[in-house]
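Student: My file is work.csv. It has CSV, C-alpha atoms:
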chain,number,residue,atom,x,y,z
D,1,MET,CA,-11.5,4.6,-41.3
D,2,ALA,CA,-11.4,7.0,-38.3
D,3,ARG,CA,-9.6,5.8,-35.2
D,4,ARG,CA,-11.9,4.9,-32.4
D,5,HIS,CA,-11.6,7.2,-29.4
D,6,ASP,CA,-10.8,5.2,-26.3
D,7,PRO,CA,-10.6,7.4,-23.2
D,8,GLU,CA,-10.3,4.4,-20.9
D,9,ARG,CA,-7.3,2.9,-22.6
D,10,ARG,CA,-4.7,4.4,-20.3
D,11,GLN,CA,-6.6,3.0,-17.3
D,12,ARG,CA,-6.9,-0.4,-19.0
D,13,LEU,CA,-3.2,-0.5,-19.5
D,14,ILE,CA,-2.5,0.2,-15.8
D,15,ASP,CA,-5.0,-2.5,-14.9
D,16,ALA,CA,-3.3,-4.9,-17.3
D,17,ALA,CA,0.1,-4.1,-15.9
D,18,ILE,CA,-1.1,-4.9,-12.4
D,19,ARG,CA,-2.5,-8.2,-13.7
D,20,VAL,CA,0.8,-9.0,-15.5
D,21,VAL,CA,2.8,-8.4,-12.3
D,22,GLY,CA,0.3,-10.5,-10.4
D,23,GLN,CA,0.7,-13.4,-12.8
D,24,LYS,CA,4.4,-13.2,-13.8
D,25,GLY,CA,6.1,-10.9,-11.3
D,26,ILE,CA,8.0,-7.7,-12.1
D,27,GLU,CA,10.3,-9.6,-14.5
D,28,GLY,CA,7.3,-10.5,-16.7
D,29,LEU,CA,6.3,-6.8,-17.1
D,30,SER,CA,7.0,-5.3,-20.5
D,31,HIS,CA,5.2,-3.0,-23.0
D,32,ARG,CA,4.6,-6.1,-25.1
D,33,THR,CA,3.1,-8.3,-22.2
D,34,VAL,CA,0.9,-5.4,-21.1
D,35,ALA,CA,-0.4,-4.7,-24.6
D,36,ALA,CA,-1.2,-8.4,-25.0
D,37,GLU,CA,-3.0,-8.5,-21.6
D,38,ALA,CA,-5.0,-5.3,-22.4
D,39,ASP,CA,-5.7,-6.6,-26.0
D,40,VAL,CA,-4.4,-3.4,-27.6
D,41,PRO,CA,-1.7,-2.6,-30.1
D,42,LEU,CA,1.8,-2.4,-28.8
D,43,GLY,CA,2.0,1.2,-29.8
D,44,SER,CA,-0.7,2.1,-27.4
D,45,THR,CA,1.4,1.3,-24.4
D,46,THR,CA,4.3,3.4,-25.6
D,47,TYR,CA,2.0,6.2,-26.5
D,48,HIS,CA,0.6,6.4,-23.0
D,49,PHE,CA,3.7,5.3,-21.1
D,50,ALA,CA,7.0,6.2,-22.9
D,51,THR,CA,9.1,4.0,-20.6
D,52,LEU,CA,8.5,0.9,-18.6
D,53,ASP,CA,9.2,2.9,-15.5
D,54,ASP,CA,6.4,5.3,-16.4
D,55,LEU,CA,4.0,2.3,-16.5
D,56,MET,CA,5.3,0.9,-13.2
D,57,VAL,CA,4.9,4.3,-11.5
D,58,ALA,CA,1.3,4.4,-12.5
D,59,ALA,CA,0.7,0.8,-11.5
D,60,LEU,CA,2.4,1.3,-8.1
D,61,ARG,CA,0.4,4.5,-7.5
D,62,GLN,CA,-2.8,2.6,-8.1
D,63,ALA,CA,-1.7,-0.5,-6.1
D,64,ASN,CA,-0.9,1.8,-3.2
D,65,GLU,CA,-4.6,2.7,-2.9
D,66,GLY,CA,-5.4,-0.7,-1.5
D,67,PHE,CA,-4.2,-0.1,2.0
D,68,ALA,CA,-5.5,3.5,1.9
D,69,LYS,CA,-9.0,2.2,1.1
D,70,VAL,CA,-8.9,-0.2,4.0
D,71,VAL,CA,-7.7,2.7,6.4
D,72,ALA,CA,-10.4,5.0,5.0
D,73,ALA,CA,-13.1,2.4,5.8
D,74,HIS,CA,-12.1,2.6,9.5
D,75,PRO,CA,-13.2,6.0,10.9
D,76,ALA,CA,-12.2,4.8,14.3
D,77,LEU,CA,-8.5,5.4,13.4
D,78,SER,CA,-9.2,9.1,13.7
D,79,ASP,CA,-11.4,8.9,16.8
D,80,PRO,CA,-9.3,10.2,19.8
D,81,GLU,CA,-11.2,7.9,22.1
D,82,ALA,CA,-10.5,4.7,20.1
D,83,ASP,CA,-7.7,2.2,21.0
D,84,LEU,CA,-5.3,3.0,18.2
D,85,PRO,CA,-3.1,-0.1,18.5
D,86,ALA,CA,-6.1,-2.3,18.5
D,87,GLU,CA,-7.7,-0.5,15.5
D,88,LEU,CA,-4.4,-0.6,13.5
D,89,ALA,CA,-4.0,-4.3,14.3
D,90,ARG,CA,-7.6,-4.9,13.1
D,91,VAL,CA,-7.0,-3.0,9.9
D,92,LEU,CA,-3.9,-5.0,9.2
D,93,GLY,CA,-5.9,-8.2,9.8
D,94,GLU,CA,-8.5,-7.2,7.3
D,95,TRP,CA,-5.8,-6.3,4.7
D,96,LEU,CA,-3.8,-9.4,5.2
D,97,GLY,CA,-6.6,-11.8,6.1
D,98,GLY,CA,-8.4,-12.1,2.8
D,99,ASP,CA,-6.9,-12.8,-0.6
D,100,ARG,CA,-3.2,-11.9,-0.3
D,101,THR,CA,-2.7,-11.6,-4.0
D,102,GLY,CA,-3.4,-7.8,-4.0
D,103,VAL,CA,-1.2,-7.3,-0.9
D,104,GLU,CA,1.7,-9.3,-2.5
D,105,LEU,CA,1.3,-7.4,-5.7
D,106,GLU,CA,1.4,-4.0,-3.8
D,107,TYR,CA,4.6,-5.1,-2.0
D,108,GLU,CA,6.2,-6.4,-5.1
D,109,LEU,CA,5.8,-3.1,-6.9
D,110,TYR,CA,6.8,-1.2,-3.7
D,111,LEU,CA,10.0,-3.2,-3.3
D,112,ALA,CA,10.8,-2.8,-7.0
D,113,ALA,CA,11.8,0.7,-6.0
D,114,LEU,CA,15.0,-0.8,-4.6
D,115,ARG,CA,16.2,-1.3,-8.2
D,116,ARG,CA,14.2,1.3,-10.0
D,117,PRO,CA,14.8,4.9,-8.6
D,118,ALA,CA,11.9,6.2,-10.6
D,119,LEU,CA,9.6,4.3,-8.3
D,120,ARG,CA,11.1,5.6,-5.1
D,121,PRO,CA,9.0,8.8,-4.9
D,122,VAL,CA,5.8,6.8,-5.3
D,123,ALA,CA,6.9,4.3,-2.6
D,124,ALA,CA,7.7,7.3,-0.4
D,125,GLU,CA,4.2,8.7,-1.1
D,126,TRP,CA,2.7,5.6,0.5
D,127,ALA,CA,4.7,5.9,3.6
D,128,GLU,CA,4.1,9.6,3.9
D,129,GLY,CA,0.4,9.2,3.3
D,130,VAL,CA,-0.1,6.6,5.9
D,131,GLY,CA,2.2,8.5,8.3
D,132,ALA,CA,0.1,11.7,7.8
D,133,LEU,CA,-3.1,9.7,8.7
D,134,LEU,CA,-1.5,8.4,11.9
D,135,ALA,CA,0.1,11.7,12.8
D,136,ALA,CA,-3.4,13.0,13.3
D,137,ARG,CA,-3.6,10.7,16.3
D,138,THR,CA,0.0,10.9,17.6
D,139,ASP,CA,3.0,12.9,16.4
D,140,PRO,CA,5.1,12.7,13.2
D,141,VAL,CA,8.0,10.8,14.8
D,142,THR,CA,5.8,8.1,16.3
D,143,ALA,CA,3.7,8.0,13.1
D,144,ARG,CA,6.9,7.2,11.1
D,145,ALA,CA,7.7,4.4,13.6
D,146,LEU,CA,4.2,3.0,13.3
D,147,VAL,CA,4.6,2.9,9.5
D,148,ALA,CA,7.9,1.1,9.8
D,149,VAL,CA,6.4,-1.5,12.2
D,150,ILE,CA,3.3,-2.0,9.9
D,151,ASP,CA,5.6,-2.5,7.0
D,152,GLY,CA,7.8,-5.0,8.9
D,153,ILE,CA,4.8,-7.0,10.1
D,154,CYS,CA,3.3,-7.2,6.6
D,155,LEU,CA,6.6,-8.3,5.1
D,156,GLN,CA,7.2,-10.9,7.7
D,157,VAL,CA,3.7,-12.4,7.1
D,158,LEU,CA,4.2,-12.3,3.3
D,159,LEU,CA,7.7,-13.6,3.2
D,160,THR,CA,7.3,-16.4,5.7
D,161,ASP,CA,3.8,-17.3,4.6
D,162,THR,CA,2.6,-17.4,8.2
D,163,PRO,CA,-0.9,-16.5,9.4
D,164,TYR,CA,-1.3,-12.9,10.6
D,165,ASP,CA,-1.3,-12.7,14.4
D,166,GLU,CA,-3.5,-9.8,15.4
D,167,GLU,CA,-2.7,-10.1,19.1
D,168,TYR,CA,1.1,-9.9,18.4
D,169,ALA,CA,0.5,-6.9,16.2
D,170,ARG,CA,-1.5,-5.1,18.8
D,171,GLU,CA,1.1,-5.8,21.5
D,172,VAL,CA,3.9,-4.5,19.3
D,173,LEU,CA,1.9,-1.4,18.3
D,174,THR,CA,1.0,-0.8,21.9
D,175,ARG,CA,4.7,-0.7,22.9
D,176,LEU,CA,5.0,2.2,20.4
D,177,LEU,CA,1.7,3.8,21.2
D,178,PRO,CA,0.2,2.8,24.5
D,179,VAL,CA,-3.5,2.8,25.2
D,180,PRO,CA,-4.6,5.8,27.2
D,181,GLY,CA,-4.3,5.1,30.9
D,182,THR,CA,-1.8,2.2,30.5
D,183,ARG,CA,1.3,4.4,31.1
D,184,ASP,CA,2.1,7.8,32.3
D,185,ALA,CA,0.2,10.1,30.0
D,186,SER,CA,3.3,12.3,29.6
D,187,GLY,CA,5.6,9.5,28.6
D,188,PRO,CA,7.1,9.0,25.1
D,189,GLY,CA,4.7,7.7,22.5
D,190,SER,CA,1.6,8.2,24.6
D,191,LEU,CA,-1.5,9.8,23.3
D,192,PRO,CA,-2.5,13.2,24.5
D,193,PRO,CA,-5.2,12.9,27.2
D,194,ALA,CA,-8.8,13.1,25.9
D,195,THR,CA,-10.5,16.4,26.6
D,196,ALA,CA,-13.8,16.4,28.4
D,197,GLY,CA,-16.7,17.2,26.1
Let me see whether you can do it: turn the structure in this file into structure tokens.
Tutor:
Amino acid sequence: MARRHDPERRQRLIDAAIRVVGQKGIEGLSHRTVAAEADVPLGSTTYHFATLDDLMVAALRQANEGFAKVVAAHPALSDPEADLPAELARVLGEWLGGDRTGVELEYELYLAALRRPALRPVAAEWAEGVGALLAARTDPVTARALVAVIDGICLQVLLTDTPYDEEYAREVLTRLLPVPGTRDASGPGSLPPATAG
């Protein structure tokens, strides 16, 4: 009997790995648990992902898309007239305000890079990608600081199981990146003045 061609199997394995981490945590992730979750033979997981790190890299890369999708849905973040601290605080509120399972999963995979060096380049991709989006509205150094603050706020909310405080987030982000007109336009962290149309 000919083997059935299954072009979607690799993606199904990644989806299964994400579900396993969501249900059992990183410690529950193995080729065997992923194969069972995806309902495929064990050999399929090792065919597509030779090591567990390979599978985790693919899962983290996919999980990282969650925040990027939320950011992409907010064109105001790239609008030079928009209040960037308020927009970022709103984006974080949307990301953290719904079902936190996906956010927790993303951070669990992200923090796994502490113990798994193979994941570090993917974790760095997330920070660099968000930083690049923000650098379009500010400068690279301030963008890196904003990413650090965003990470910190998210981790505090997740680890303390407290409600997200949008006003607090906006205030903290404003201290890094003031709203145009609130401070000397030439001061550190300020946005360049808007040009007349």
Student: Considering only C-alpha atoms, give me a table of residues in region 78-162 of chain D that are at most 12 Å from region 48-52 of chain D, with the closest atom pair and distance in Å for each, as a Markdown table.
Tutor:
| residue | atom | partner | partner_atom | distance |
| --- | --- | --- | --- | --- |
| D:Arg116 | CA | D:Leu52 | CA | 10.3 |
| D:Ala118 | CA | D:Leu52 | CA | 10.2 |
| D:Leu119 | CA | D:Leu52 | CA | 10.9 |
Student: So which residues touch region 62-70 of chain D within 10 Å, counting all atoms listed in the file, skipping near sequence neighbours fewer than 5 positions away, as a ChimeraX atom specification?
Tutor: /D:11,14-15,18,56-57,91-92,94-96,102-103,105-110,122-123,125-127,129-130,133
Student: At a cut-off of 10 Å, using all atoms listed in the file, what residues contact Arg19 (chain D)? Leave out same-chain residues fewer than 2 positions from it and give the result as a VMD selection string.
Tutor: chain D and resid 13 to 17 21 to 25 29 34 37 to 38 59 102 105
Student: Which residue gives the smallest distance to Ala124 (chain D) among D:Thr33, D:Glu27, D:Arg144, D:Pro7, with only C-alpha atoms counted?
Tutor: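 Checking each candidate against Ala124 (chain D), we get D:Arg144 as the closest.
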Student: Separation of CA of Asp79 (chain D) and CA of Pro163 (chain D), in Å?
Tutor: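 Taking CA of Asp79 (chain D) as the start and CA of Pro163 (chain D) as the end point, the length is 28.5 Å.
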